[in-house]
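Novice: Supplied structure: structure_37.cif, mmCIF, C-alpha atoms.
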data_entry
loop_
_atom_site.label_atom_id
_atom_site.label_comp_id
_atom_site.auth_asym_id
_atom_site.auth_seq_id
_atom_site.Cartn_x
_atom_site.Cartn_y
_atom_site.Cartn_z
CA VAL A 1393 -9.28 -55.72 -18.49
CA THR A 1394 -9.55 -53.12 -15.79
CA THR A 1395 -12.70 -51.98 -14.18
CA ALA A 1396 -13.03 -48.64 -12.51
CA SER A 1397 -14.03 -48.91 -8.92
CA PRO A 1398 -17.38 -47.36 -8.07
CA ASN A 1399 -15.57 -44.53 -6.31
CA THR A 1400 -13.99 -43.35 -9.53
CA TRP A 1401 -17.01 -43.66 -11.80
CA PRO A 1402 -17.95 -40.31 -13.22
CA ARG A 1403 -21.10 -39.01 -11.64
CA PRO A 1404 -23.40 -36.42 -13.19
CA ARG A 1405 -22.87 -32.91 -11.84
CA LEU A 1406 -25.53 -31.72 -9.51
CA SER A 1407 -28.39 -29.74 -10.95
CA SER A 1408 -28.64 -26.24 -9.61
CA PHE A 1409 -30.25 -22.86 -10.04
CA THR A 1410 -29.34 -19.44 -8.75
CA LEU A 1411 -31.38 -17.15 -6.54
CA ASP A 1412 -31.18 -13.38 -6.31
CA CYS A 1413 -30.64 -12.88 -2.58
CA ALA A 1414 -30.77 -9.09 -2.36
CA GLY A 1415 -28.16 -8.80 -5.10
CA THR A 1416 -26.01 -11.73 -3.96
CA PRO A 1417 -26.32 -14.73 -6.31
CA VAL A 1418 -26.74 -17.93 -4.28
CA ALA A 1419 -26.90 -21.31 -6.02
CA LEU A 1420 -28.93 -24.18 -4.64
CA ALA A 1421 -27.48 -27.45 -5.91
CA GLY A 1422 -28.73 -30.89 -5.14
CA ASP A 1423 -30.69 -33.94 -6.07
CA GLU A 1424 -34.01 -33.67 -7.76
CA PRO A 1425 -36.37 -34.12 -4.79
CA TRP A 1426 -34.66 -31.19 -3.08
CA LEU A 1427 -34.62 -29.02 -6.21
CA THR A 1428 -38.29 -29.70 -6.89
CA LEU A 1429 -39.10 -28.52 -3.39
CA VAL A 1430 -37.00 -25.35 -3.43
CA ARG A 1431 -37.91 -24.46 -7.02
CA GLY A 1432 -41.53 -24.51 -5.96
CA GLU A 1433 -40.83 -22.27 -2.99
CA TYR A 1434 -38.25 -19.86 -4.41
CA GLY A 1435 -39.01 -19.90 -8.13
CA GLY A 1436 -39.85 -16.20 -7.94
CA PHE A 1437 -36.26 -15.38 -6.95
CA VAL A 1438 -34.44 -17.24 -9.75
CA ALA A 1439 -31.87 -15.06 -11.51
CA PRO A 1440 -29.68 -15.86 -14.53
CA TRP A 1441 -26.50 -15.07 -12.64
CA ARG A 1442 -23.25 -16.83 -11.95
CA PRO A 1443 -23.36 -17.77 -8.26
CA SER A 1444 -20.95 -16.39 -5.72
CA PHE A 1445 -22.11 -18.80 -3.04
CA THR A 1446 -23.33 -22.40 -3.31
CA ILE A 1447 -25.47 -24.42 -0.93
CA ARG A 1448 -25.54 -28.17 -1.53
CA LEU A 1449 -28.82 -29.82 -0.61
CA GLY A 1450 -29.16 -33.50 0.29
CA ASP A 1451 -26.41 -36.10 0.35
CA SER A 1452 -27.31 -38.68 -2.28
CA ALA A 1453 -25.94 -36.72 -5.22
CA ASP A 1454 -22.72 -35.35 -3.77
CA ASP A 1455 -20.37 -35.20 -6.75
CA GLY A 1456 -17.49 -33.70 -4.84
CA SER A 1457 -17.95 -30.27 -6.37
CA HIS A 1458 -17.36 -27.20 -4.26
CA ALA A 1459 -20.08 -26.06 -1.89
CA ASP A 1460 -19.87 -23.24 0.64
CA ALA A 1461 -22.57 -24.70 2.85
CA GLU A 1462 -24.54 -27.91 3.03
CA VAL A 1463 -27.95 -29.05 4.15
CA PRO A 1464 -27.75 -32.85 4.27
CA GLY A 1465 -30.63 -35.25 4.50
CA PRO A 1466 -34.02 -35.53 2.86
CA PRO A 1467 -35.75 -32.43 1.46
CA ARG A 1468 -37.16 -30.40 4.33
CA LEU A 1469 -37.52 -26.63 4.14
CA ALA A 1470 -37.34 -26.54 7.92
CA ASP A 1471 -33.68 -27.59 7.59
CA LEU A 1472 -32.81 -25.02 4.93
CA GLN A 1473 -34.56 -21.98 6.38
CA PRO A 1474 -32.45 -21.62 9.55
CA LEU A 1475 -29.34 -21.79 7.40
CA LEU A 1476 -30.65 -19.00 5.19
CA ARG A 1477 -31.31 -16.83 8.23
CA GLN A 1478 -27.77 -17.39 9.45
CA LEU A 1479 -26.23 -16.99 6.05
CA TYR A 1480 -27.82 -13.82 4.75
CA PRO A 1481 -26.27 -11.45 7.32
CA VAL A 1482 -22.86 -12.92 6.48
CA ILE A 1483 -22.99 -12.83 2.68
CA ILE A 1484 -25.27 -9.90 1.88
CA ASP A 1485 -23.85 -6.43 1.47
CA GLY A 1486 -26.43 -4.68 3.62
CA LEU A 1487 -28.53 -5.22 6.72
CA VAL A 1488 -31.04 -8.07 6.91
CA PHE A 1489 -34.35 -7.58 8.71
CA HIS A 1490 -37.15 -9.78 9.94
CA ALA A 1491 -39.68 -7.93 7.83
CA ALA A 1492 -42.13 -8.02 4.97
CA VAL A 1493 -41.13 -6.21 1.79
CA LEU A 1494 -43.87 -4.47 -0.18
CA VAL A 1495 -43.30 -2.55 -3.41
CA PHE A 1496 -45.88 -0.05 -4.70
CA GLY A 1497 -44.78 1.22 -8.08
CA GLU A 1498 -41.20 2.38 -7.60
CA ASP A 1499 -41.51 2.73 -3.83
CA GLY A 1500 -40.37 -0.06 -1.55
CA TYR A 1501 -41.37 -0.46 2.09
CA LEU A 1502 -39.84 -2.52 4.84
CA CYS A 1503 -42.50 -3.67 7.33
CA CYS A 1504 -40.96 -5.04 10.53
CA GLY A 1505 -42.79 -6.93 13.19
CA HIS A 1506 -42.49 -9.74 15.66
CA SER A 1507 -44.07 -13.04 14.72
CA GLY A 1508 -47.81 -12.41 14.99
CA ALA A 1509 -47.55 -8.62 14.59
CA GLY A 1510 -49.25 -8.70 11.18
CA LYS A 1511 -46.61 -9.13 8.47
CA SER A 1512 -48.43 -12.00 6.80
CA THR A 1513 -51.83 -10.32 7.25
CA LEU A 1514 -50.48 -7.17 5.65
CA ALA A 1515 -49.00 -9.21 2.83
CA ARG A 1516 -52.33 -10.95 2.24
CA LEU A 1517 -54.10 -7.57 2.02
CA CYS A 1518 -51.63 -6.18 -0.54
CA PRO A 1519 -50.96 -9.19 -2.79
CA ALA A 1520 -49.81 -7.18 -5.80
CA ALA A 1521 -47.20 -5.36 -3.74
CA LEU A 1522 -45.96 -8.38 -1.83
CA CYS A 1523 -42.38 -9.46 -2.50
CA SER A 1524 -41.53 -11.17 0.79
CA ASP A 1525 -43.41 -11.59 4.03
CA GLU A 1526 -40.54 -12.70 6.24
CA LEU A 1527 -37.08 -11.37 5.32
CA GLY A 1528 -35.81 -8.25 3.58
CA ALA A 1529 -32.53 -6.41 3.24
CA VAL A 1530 -31.63 -2.73 3.10
CA ARG A 1531 -28.61 -1.87 0.98
CA ARG A 1532 -26.83 1.19 -0.30
CA SER A 1533 -27.01 2.11 -3.96
CA PRO A 1534 -25.68 5.12 -5.88
CA ALA A 1535 -29.21 6.56 -5.77
CA GLY A 1536 -29.68 6.04 -2.03
CA LEU A 1537 -30.99 3.25 0.17
CA VAL A 1538 -32.88 0.41 -1.46
CA VAL A 1539 -34.92 -2.43 -0.02
CA ALA A 1540 -34.77 -5.94 -1.48
CA SER A 1541 -36.76 -9.09 -0.84
CA LEU A 1542 -35.06 -12.31 0.27
CA PRO A 1543 -36.01 -15.94 -0.39
CA TYR A 1544 -37.41 -17.60 2.70
CA TYR A 1545 -41.07 -18.21 2.01
CA PRO A 1546 -42.50 -17.93 -1.50
CA GLY A 1547 -42.20 -14.43 -2.91
CA ARG A 1548 -40.52 -12.64 -5.78
CA ARG A 1549 -37.22 -10.92 -6.37
CA ALA A 1550 -37.52 -7.17 -6.10
CA GLN A 1551 -35.39 -4.17 -5.33
CA ALA A 1552 -36.82 -0.67 -5.00
CA ARG A 1553 -36.01 2.73 -3.57
CA LEU A 1554 -36.64 2.56 0.18
CA ALA A 1555 -39.57 4.94 0.62
CA GLY A 1556 -40.51 4.08 4.19
CA VAL A 1557 -40.15 1.70 7.10
CA MET A 1558 -43.13 0.54 9.13
CA LEU A 1559 -43.11 -1.08 12.56
CA LEU A 1560 -46.27 -3.13 12.82
CA ARG A 1561 -48.44 -3.22 15.92
CA HIS A 1562 -51.99 -4.22 16.63
CA GLY A 1563 -54.69 -1.55 16.69
CA ASP A 1564 -58.28 -0.76 15.83
CA VAL A 1565 -57.59 2.03 13.35
CA ASP A 1566 -55.62 2.50 10.15
CA GLU A 1567 -52.89 4.82 11.31
CA ARG A 1568 -49.30 5.68 10.55
CA ALA A 1569 -47.52 7.44 13.43
CA PRO A 1570 -43.98 8.73 12.94
CA LEU A 1571 -41.18 7.77 15.31
CA ARG A 1572 -38.32 9.84 16.66
CA ARG A 1573 -35.09 8.94 14.92
CA SER A 1574 -33.24 7.50 17.91
CA GLU A 1575 -36.30 5.50 18.93
CA ALA A 1576 -36.60 4.20 15.38
CA LEU A 1577 -32.94 3.18 15.41
CA ALA A 1578 -33.30 1.26 18.69
CA LEU A 1579 -36.44 -0.53 17.54
CA LEU A 1580 -35.11 -1.39 14.10
CA ALA A 1581 -31.92 -2.76 15.67
CA ARG A 1582 -34.10 -5.40 17.33
CA HIS A 1583 -35.49 -6.53 14.00
CA ALA A 1584 -32.11 -6.88 12.30
CA PHE A 1585 -29.99 -10.00 11.99
CA TRP A 1586 -26.59 -8.69 13.05
CA PRO A 1587 -23.47 -10.35 11.69
CA GLU A 1588 -20.69 -11.54 13.99
CA ASP A 1589 -17.93 -9.64 12.24
CA ALA A 1590 -17.25 -6.31 13.98
CA GLY A 1591 -16.56 -4.53 10.69
CA LYS A 1592 -19.91 -5.63 9.31
CA VAL A 1593 -21.65 -4.62 12.54
CA SER A 1594 -20.12 -1.15 12.21
CA ALA A 1595 -21.19 -0.91 8.56
CA GLY A 1596 -24.70 -2.08 9.47
CA PHE A 1597 -24.92 0.47 12.27
CA HIS A 1598 -23.95 3.34 9.98
CA LEU A 1599 -26.44 2.11 7.39
CA LEU A 1600 -29.14 2.05 10.07
CA ALA A 1601 -28.20 5.57 11.21
CA ASP A 1602 -28.41 6.79 7.61
CA LEU A 1603 -31.76 5.06 7.29
CA VAL A 1604 -33.33 6.84 10.26
CA ASP A 1605 -31.77 10.13 9.11
CA THR A 1606 -33.23 9.98 5.62
CA ILE A 1607 -36.22 7.60 5.52
CA PRO A 1608 -39.53 8.03 7.40
CA VAL A 1609 -39.97 5.34 10.05
CA SER A 1610 -43.48 4.94 11.46
CA TRP A 1611 -45.62 2.77 13.65
CA LEU A 1612 -48.30 1.18 11.50
CA THR A 1613 -51.58 -0.02 12.94
CA PHE A 1614 -54.22 -1.31 10.60
CA ARG A 1615 -57.51 -3.09 10.38
CA PRO A 1616 -57.52 -6.20 8.21
CA THR A 1617 -58.98 -4.54 5.10
CA PRO A 1618 -57.40 -3.66 1.74
CA ALA A 1619 -57.73 0.03 2.72
CA VAL A 1620 -54.42 -0.36 4.53
CA ALA A 1621 -52.64 0.10 1.18
CA ARG A 1622 -53.57 3.80 1.32
CA LEU A 1623 -51.23 4.26 4.28
CA PHE A 1624 -48.26 3.56 2.05
CA ALA A 1625 -48.91 6.53 -0.22
CA SER A 1626 -48.02 9.29 2.24
CA SER A 1627 -44.79 9.86 4.09
CA PRO A 1628 -45.50 11.59 7.40
CA ARG A 1629 -42.96 13.99 8.84
CA GLU A 1630 -40.69 12.66 11.45
CA ALA A 1631 -41.69 13.28 15.07
CA GLU A 1632 -38.60 15.03 16.40
CA LEU B 801 -8.51 14.43 37.95
CA SER B 802 -8.73 11.25 35.90
CA ARG B 803 -7.97 11.28 32.22
CA TYR B 804 -10.06 9.41 29.67
CA ARG B 805 -9.93 8.30 26.07
CA ARG B 806 -12.36 6.51 23.80
CA SER B 807 -11.99 2.74 23.60
CA GLU B 808 -11.16 1.09 20.32
CA HIS B 809 -13.92 -0.78 18.53
CA VAL B 810 -16.63 1.80 19.11
CA ALA B 811 -18.75 3.15 16.25
CA TRP B 812 -20.90 6.20 16.87
CA ARG B 813 -23.28 8.68 15.23
CA ARG B 814 -25.33 11.72 16.17
CA VAL B 815 -28.99 10.81 15.64
CA GLY B 816 -31.33 13.72 16.32
CA THR B 817 -30.38 15.16 19.70
CA GLU B 818 -28.86 11.91 20.91
CA THR B 819 -25.53 10.26 20.27
CA ILE B 820 -25.65 6.53 19.62
CA LEU B 821 -22.60 4.36 20.31
CA VAL B 822 -22.02 0.74 19.42
CA GLN B 823 -19.50 -1.23 21.44
CA LEU B 824 -18.52 -3.61 18.67
CA ASP B 825 -16.95 -6.28 20.90
CA ARG B 826 -19.87 -6.44 23.32
CA LYS B 827 -22.43 -5.98 20.51
CA GLN B 828 -24.26 -3.33 22.49
CA MET B 829 -25.72 0.04 21.56
CA LEU B 830 -25.89 2.95 23.98
CA ALA B 831 -27.69 6.23 23.53
CA LEU B 832 -26.33 9.37 25.19
CA ASN B 833 -28.42 12.44 25.89
CA GLU B 834 -27.43 15.83 24.53
CA SER B 835 -24.90 16.79 27.19
CA GLY B 836 -23.55 13.24 27.17
CA GLY B 837 -23.05 13.61 23.44
CA ARG B 838 -21.06 16.79 23.99
CA VAL B 839 -18.79 14.95 26.41
CA TRP B 840 -18.37 12.15 23.89
CA GLU B 841 -17.48 14.53 21.08
CA ALA B 842 -14.94 16.27 23.31
CA LEU B 843 -13.32 12.87 23.82
CA GLU B 844 -12.01 12.97 20.28
CA GLN B 845 -8.70 13.38 22.06
CA GLU B 846 -7.61 12.12 25.45
CA ARG B 847 -8.98 14.55 28.06
CA SER B 848 -9.21 15.05 31.79
CA SER B 849 -12.61 14.90 33.46
CA GLY B 850 -12.19 18.63 34.13
CA ASP B 851 -11.86 19.36 30.40
CA LEU B 852 -14.83 17.15 29.71
CA ALA B 853 -16.93 18.87 32.37
CA ARG B 854 -16.41 22.16 30.58
CA ALA B 855 -17.72 20.53 27.40
CA ALA B 856 -20.83 19.15 29.11
CA GLU B 857 -22.46 22.56 29.78
CA PHE B 858 -25.79 21.67 31.28
CA GLY B 859 -26.40 24.64 33.53
CA ALA B 860 -25.12 23.43 36.88
CA SER B 861 -22.27 24.83 38.95
CA ALA B 862 -18.76 23.85 37.97
CA ALA B 863 -18.37 21.54 40.96
CA THR B 864 -21.72 19.82 40.37
CA THR B 865 -21.00 19.46 36.68
CA LEU B 866 -17.63 17.88 37.37
CA GLN B 867 -19.22 15.45 39.81
CA HIS B 868 -21.86 14.39 37.28
CA VAL B 869 -19.38 14.11 34.45
CA GLU B 870 -17.10 11.88 36.51
CA VAL B 871 -19.99 9.55 37.33
CA PHE B 872 -21.02 9.56 33.67
CA LEU B 873 -17.48 8.71 32.55
CA GLN B 874 -17.36 5.84 34.99
CA ASP B 875 -20.65 4.58 33.51
CA LEU B 876 -19.10 4.77 30.05
CA GLU B 877 -16.03 2.96 31.29
CA ARG B 878 -18.20 0.13 32.68
CA GLU B 879 -19.89 -0.09 29.29
CA GLY B 880 -16.51 -0.47 27.62
CA VAL B 881 -16.67 2.64 25.44
CA VAL B 882 -14.08 4.74 27.26
CA ALA B 883 -10.88 3.85 29.06
CA ALA B 884 -9.54 5.67 32.10
CA ILE B 885 -5.86 6.43 31.95
CA PRO B 886 -4.18 5.97 35.34
CA THR B 887 -2.68 9.13 36.81
CA ALA B 888 -0.31 9.65 39.70
CA SER B 889 -3.01 11.22 41.83
CA GLY B 890 -5.35 8.27 41.35
CA ARG B 891 -9.04 8.39 40.62
CA SER B 892 -11.71 10.25 42.47
CA ALA B 893 -14.05 8.01 44.41
CA ASP B 894 -17.59 7.28 43.32
CA ALA B 895 -19.91 9.65 45.12
CA PRO B 896 -23.70 9.33 45.26
CA ILE B 897 -25.23 12.34 43.57
CA SER B 898 -28.71 13.57 42.87
CA VAL B 899 -29.65 13.12 39.25
CA LEU B 900 -30.10 16.34 37.32
CA ALA B 901 -32.36 16.31 34.30
CA ASP B 902 -29.84 17.56 31.76
CA ALA B 903 -26.75 15.94 33.23
CA PRO B 904 -24.85 13.69 30.85
CA ALA B 905 -26.39 10.24 30.93
CA ILE B 906 -26.97 7.01 29.05
CA THR B 907 -30.62 7.11 27.99
CA TRP B 908 -31.00 3.56 26.66
CA ARG B 909 -29.09 0.39 25.96
CA GLU B 910 -29.85 -2.15 23.27
CA LYS B 911 -28.13 -5.49 22.83
CA ILE B 912 -27.65 -6.42 19.19
CA THR B 913 -27.93 -10.09 18.34
CA ARG B 914 -27.48 -12.46 15.43
CA CYS B 915 -31.14 -13.44 15.50
CA ALA B 916 -33.76 -10.72 15.17
CA SER B 917 -35.94 -10.73 18.24
CA GLY B 918 -39.29 -12.34 17.72
CA CYS B 919 -38.20 -13.99 14.49
CA GLY B 920 -39.40 -17.32 15.83
CA THR B 921 -36.12 -19.06 15.08
CA HIS B 922 -33.37 -18.76 17.63
CA PRO B 923 -30.20 -20.74 18.20
CA GLY B 924 -31.08 -23.90 20.03
CA GLN B 925 -34.21 -24.58 18.04
CA SER B 926 -32.49 -26.64 15.40
CA ASP B 927 -29.09 -28.18 14.74
CA VAL B 928 -28.63 -26.11 11.61
CA CYS B 929 -29.25 -22.87 13.46
CA ASN B 930 -26.54 -23.76 15.95
CA THR B 931 -23.83 -24.12 13.38
CA TYR B 932 -21.81 -21.55 11.56
CA PRO B 933 -23.05 -21.63 7.98
CA TYR B 934 -19.70 -21.89 6.25
CA ASN B 935 -17.97 -25.15 5.51
CA SER B 936 -14.56 -25.12 7.10
#
Turn the structure described in the file into structure tokens.

Specialist:
Amino acid sequence: VTTASPNTWPRPRLSSFTLDCAGTPVALAGDEPWLTLVRGEYGGFVAPWRPSFTIRLGDSADDGSHADAEVPGPPRLADLQPLLRQLYPVIIDGLVFHAAVLVFGEDGYLCCGHSGAGKSTLARLCPAALCSDELGAVRRSPAGLVVASLPYYPGRRAQARLAGVMLLRHGDVDERAPLRRSEALALLARHAFWPEDAGKVSAGFHLLADLVDTIPVSWLTFRPTPAVARLFASSPREAE
Amino acid sequence: LSRYRRSEHVAWRRVGTETILVQLDRKQMLALNESGGRVWEALEQERSSGDLARAAEFGASAATTLQHVEVFLQDLEREGVVAAIPTASGRSADAPISVLADAPAITWREKITRCASGCGTHPGQSDVCNTYPYNS
């Protein structure tokens, strides 16, 4: 009679689900406490796709299957989120921004701002349009530039024609003020997560230059009322 | 006169009236004003500073233009976006000059980083953020 050692006992494969990360399918695989946590946070981004990248969460259910990245330890979003920030610029075919993504009808808007500038306030005032209030990506498509939401905080998967970019700042009036193109490029560069790879930096730079050439970029100041949504309807001319 | 050529690993675009360069190794953007952009475009091939001064065209005398263009090229060399090619006659010395409004110049610099500024999460704040995300 032979008995398999514990190391060779078959273990169940990890449970997983796949997220739409601005068009890149990323699987989260792990033990149930982790999956319960991330399903609750990122359920709005689940996509029925075959993953191209896998993150293994936790260490109790490691079945030896392939993972591209790991977040060991007990379920804590604070451990996963920094990895996502580092990962997105590497794996996404586009440029990742610290920004809220709002979609009104078929028009998508990227709203960039430092922590405290008003991204979450804006998101709260436009709940129906909100797709992400922390991270978004701009990508090329055959029809032009598109903006997509990214899982970080709760939100929903969305991709829409990029109709405008807003740089948020505090103010006492609802106002959208256009920016010169080179100024817009410099400011938006600060809100991007740049990859390390020089080729991707070059691609991101050209994407950003195309963005400021073709998409209105404005300062947005607003009072905390739902009337702010009206500022997304018009596209002011560029100040050049 | 010194001769110059563009460095490798520089991406660039005209944006409005300015020309924006990215030094891909240093991860830095530079913006050049209009006459600076003309000098940059003339650098499509290796050129002497005299050739480049003719491209700058900002309304000063030939001698003044040459002086400003040489200082500008030395600025670009320090930023790593052009390389000076040694010549037998050596390089002209740096000379303090008065700044003319339309002379070729770098108008702004912007460092590009892995972490968006103000994102609230920077390397050093957690172990995960300090590590490259791929498994080796």

Novice: Name the residues in contact with range 836-843 of chain B at a cut-off of 10 Å, using all atoms listed in the file, excluding same-chain residues fewer than 6 positions from it; report them as a PyMOL selection string.

Specialist: chain B and resi 804-806+812-814+817-821+849+851-858+869+872-873+876+881-882+902-907

Novice: Select, from B:Val810, B:Ser848, B:Leu900, B:Ala831, the residue with the minimum atom-to-atom distance to Pro886 in chain B, counting only C-alpha atoms.

Specialist: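 The answer is B:Ser848, which sits nearest to Pro886 in chain B.
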
Novice: For chain A versus chain B, which residues have an atom no more than 6 Å away, and what is each residue's nearest atom pair and distance in Å rounded to one decimal, using only C-alpha atoms, chain-then-number order, as a tab-separated table?

Specialist:
residue	atom	partner	partner_atom	distance
A:Asp1460	CA	B:Asn935	CA	5.6
A:Ala1461	CA	B:Tyr934	CA	5.3
A:Pro1474	CA	B:Cys929	CA	5.2
A:Leu1479	CA	B:Pro933	CA	5.9
A:His1506	CA	B:Gly918	CA	4.6
A:Ser1507	CA	B:Gly918	CA	5.7
A:Ser1574	CA	B:Val815	CA	5.8
A:Arg1582	CA	B:Ser917	CA	5.7
A:His1583	CA	B:Ala916	CA	4.7
A:Ala1584	CA	B:Ala916	CA	5.1
A:Phe1585	CA	B:Arg914	CA	4.9
A:Trp1586	CA	B:Arg914	CA	4.5
A:Pro1587	CA	B:Arg914	CA	5.9
A:Ala1590	CA	B:Leu824	CA	5.6

Novice: Counting all atoms listed in the file, what is within 12 Å of range 1421-1428 of chain A, bar same-chain residues fewer than 3 positions away, as a CSV table (one decimal) with C-alpha atoms, keeping the file's coordinate frame?

Specialist:
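Listed below is the output, result_8.csv:
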chain,number,residue,atom,x,y,z
A,1404,PRO,CA,-23.4,-36.4,-13.2
A,1405,ARG,CA,-22.9,-32.9,-11.8
A,1406,LEU,CA,-25.5,-31.7,-9.5
A,1407,SER,CA,-28.4,-29.7,-11.0
A,1408,SER,CA,-28.6,-26.2,-9.6
A,1409,PHE,CA,-30.2,-22.9,-10.0
A,1410,THR,CA,-29.3,-19.4,-8.8
A,1411,LEU,CA,-31.4,-17.2,-6.5
A,1418,VAL,CA,-26.7,-17.9,-4.3
A,1431,ARG,CA,-37.9,-24.5,-7.0
A,1432,GLY,CA,-41.5,-24.5,-6.0
A,1433,GLU,CA,-40.8,-22.3,-3.0
A,1434,TYR,CA,-38.2,-19.9,-4.4
A,1435,GLY,CA,-39.0,-19.9,-8.1
A,1443,PRO,CA,-23.4,-17.8,-8.3
A,1445,PHE,CA,-22.1,-18.8,-3.0
A,1446,THR,CA,-23.3,-22.4,-3.3
A,1447,ILE,CA,-25.5,-24.4,-0.9
A,1448,ARG,CA,-25.5,-28.2,-1.5
A,1449,LEU,CA,-28.8,-29.8,-0.6
A,1450,GLY,CA,-29.2,-33.5,0.3
A,1451,ASP,CA,-26.4,-36.1,0.4
A,1452,SER,CA,-27.3,-38.7,-2.3
A,1453,ALA,CA,-25.9,-36.7,-5.2
A,1454,ASP,CA,-22.7,-35.4,-3.8
A,1455,ASP,CA,-20.4,-35.2,-6.8
A,1456,GLY,CA,-17.5,-33.7,-4.8
A,1457,SER,CA,-18.0,-30.3,-6.4
A,1458,HIS,CA,-17.4,-27.2,-4.3
A,1459,ALA,CA,-20.1,-26.1,-1.9
A,1460,ASP,CA,-19.9,-23.2,0.6
A,1461,ALA,CA,-22.6,-24.7,2.8
A,1462,GLU,CA,-24.5,-27.9,3.0
A,1463,VAL,CA,-28.0,-29.0,4.2
A,1464,PRO,CA,-27.8,-32.8,4.3
A,1465,GLY,CA,-30.6,-35.2,4.5
A,1466,PRO,CA,-34.0,-35.5,2.9
A,1467,PRO,CA,-35.8,-32.4,1.5
A,1468,ARG,CA,-37.2,-30.4,4.3
A,1469,LEU,CA,-37.5,-26.6,4.1
A,1471,ASP,CA,-33.7,-27.6,7.6
A,1472,LEU,CA,-32.8,-25.0,4.9

Novice: Any chance you could resolve the PyMOL selection byres ((chain A and resi 1512-1520) around 10) against this file and give the residues as a list in words?

Specialist: Ala1491, Ala1492, Val1493, Leu1494, Val1495, Phe1496, Cys1503, Gly1505, Ser1507, Gly1508, Ala1509, Gly1510, Lys1511, Ala1521, Leu1522, Cys1523, Ser1524, Asp1525, Glu1526, Leu1560, Phe1614, Arg1615, Pro1616, Thr1617, Pro1618, Ala1619, Val1620 and Ala1621 of chain A

Novice: Would you put the residues from that selection into a file with C-alpha atoms, as a PDB file, in the frame of the given file?

Specialist:
ATOM      1  CA  ALA A1491     -39.680  -7.930   7.830  1.00  0.00           C
ATOM      2  CA  ALA A1492     -42.130  -8.020   4.970  1.00  0.00           C
ATOM      3  CA  VAL A1493     -41.130  -6.210   1.790  1.00  0.00           C
ATOM      4  CA  LEU A1494     -43.870  -4.470  -0.180  1.00  0.00           C
ATOM      5  CA  VAL A1495     -43.300  -2.550  -3.410  1.00  0.00           C
ATOM      6  CA  PHE A1496     -45.880  -0.050  -4.700  1.00  0.00           C
ATOM      7  CA  CYS A1503     -42.500  -3.670   7.330  1.00  0.00           C
ATOM      8  CA  GLY A1505     -42.790  -6.930  13.190  1.00  0.00           C
ATOM      9  CA  SER A1507     -44.070 -13.040  14.720  1.00  0.00           C
ATOM     10  CA  GLY A1508     -47.810 -12.410  14.990  1.00  0.00           C
ATOM     11  CA  ALA A1509     -47.550  -8.620  14.590  1.00  0.00           C
ATOM     12  CA  GLY A1510     -49.250  -8.700  11.180  1.00  0.00           C
ATOM     13  CA  LYS A1511     -46.610  -9.130   8.470  1.00  0.00           C
ATOM     14  CA  ALA A1521     -47.200  -5.360  -3.740  1.00  0.00           C
ATOM     15  CA  LEU A1522     -45.960  -8.380  -1.830  1.00  0.00           C
ATOM     16  CA  CYS A1523     -42.380  -9.460  -2.500  1.00  0.00           C
ATOM     17  CA  SER A1524     -41.530 -11.170   0.790  1.00  0.00           C
ATOM     18  CA  ASP A1525     -43.410 -11.590   4.030  1.00  0.00           C
ATOM     19  CA  GLU A1526     -40.540 -12.700   6.240  1.00  0.00           C
ATOM     20  CA  LEU A1560     -46.270  -3.130  12.820  1.00  0.00           C
ATOM     21  CA  PHE A1614     -54.220  -1.310  10.600  1.00  0.00           C
ATOM     22  CA  ARG A1615     -57.510  -3.090  10.380  1.00  0.00           C
ATOM     23  CA  PRO A1616     -57.520  -6.200   8.210  1.00  0.00           C
ATOM     24  CA  THR A1617     -58.980  -4.540   5.100  1.00  0.00           C
ATOM     25  CA  PRO A1618     -57.400  -3.660   1.740  1.00  0.00           C
ATOM     26  CA  ALA A1619     -57.730   0.030   2.720  1.00  0.00           C
ATOM     27  CA  VAL A1620     -54.420  -0.360   4.530  1.00  0.00           C
ATOM     28  CA  ALA A1621     -52.640   0.100   1.180  1.00  0.00           C
TER      29      ALA A1621
END

Novice: Mind telling me what the PyMOL selection byres ((chain A and resi 1530) around 9) catches here, as an MDAnalysis selection string?

Specialist: chainID A and resid 1414 1485:1489 1502 1528:1529 1531:1532 1537:1540 1554 1599:1600 1603

Novice: Separation of CA of Ala863 in chain B and CA of Ser802 in chain B, in Å?

Specialist: 15.0 Å

Novice: Edge lengths and centre in Å to one decimal, as JSON, is what I'm after for the box along x, y and z that holds all listed atoms of range 1537-1548 of chain A once 3 Å is added on each side.

Specialist:
{"center_x": -36.7, "center_y": -7.5, "center_z": -1.5, "size_x": 17.5, "size_y": 27.5, "size_z": 14.5}

Novice: By how many Å are CA of Ile1607 in chain A and CA of Phe1437 in chain A apart?

Specialist: 26.1 Å

Novice: When you count all atoms listed in the file, which of these residues is closest to Gln828 in chain B: A:Val1593, A:Ala1552, A:Leu1527, A:Cys1413?

Specialist: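 Residue with the minimum atom-to-atom distance to Gln828 in chain B: A:Val1593.
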
Novice: CA of Tyr1545 in chain A and CA of Tyr1480 in chain A, how far apart in Å?

Specialist: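 Computing the Euclidean distance for CA of Tyr1480 in chain A and CA of Tyr1545 in chain A yields 14.2 Å.
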
Novice: Quick one: residues within 7 Å of (-37.8, -7.3, -7.5) (file frame), counting only C-alpha atoms, please, as JSON, numbers by chain.

Specialist: {"A": [1540, 1541, 1548, 1549, 1550, 1551]}

Novice: Just the selected residues (C-alpha atoms), exported as an mmCIF file, in the frame of the given file, please.

Specialist:
data_model
loop_
_atom_site.group_PDB
_atom_site.id
_atom_site.type_symbol
_atom_site.label_atom_id
_atom_site.label_comp_id
_atom_site.auth_asym_id
_atom_site.auth_seq_id
_atom_site.Cartn_x
_atom_site.Cartn_y
_atom_site.Cartn_z
ATOM 1 C CA ALA A 1540 -34.770 -5.940 -1.480
ATOM 2 C CA SER A 1541 -36.760 -9.090 -0.840
ATOM 3 C CA ARG A 1548 -40.520 -12.640 -5.780
ATOM 4 C CA ARG A 1549 -37.220 -10.920 -6.370
ATOM 5 C CA ALA A 1550 -37.520 -7.170 -6.100
ATOM 6 C CA GLN A 1551 -35.390 -4.170 -5.330
#
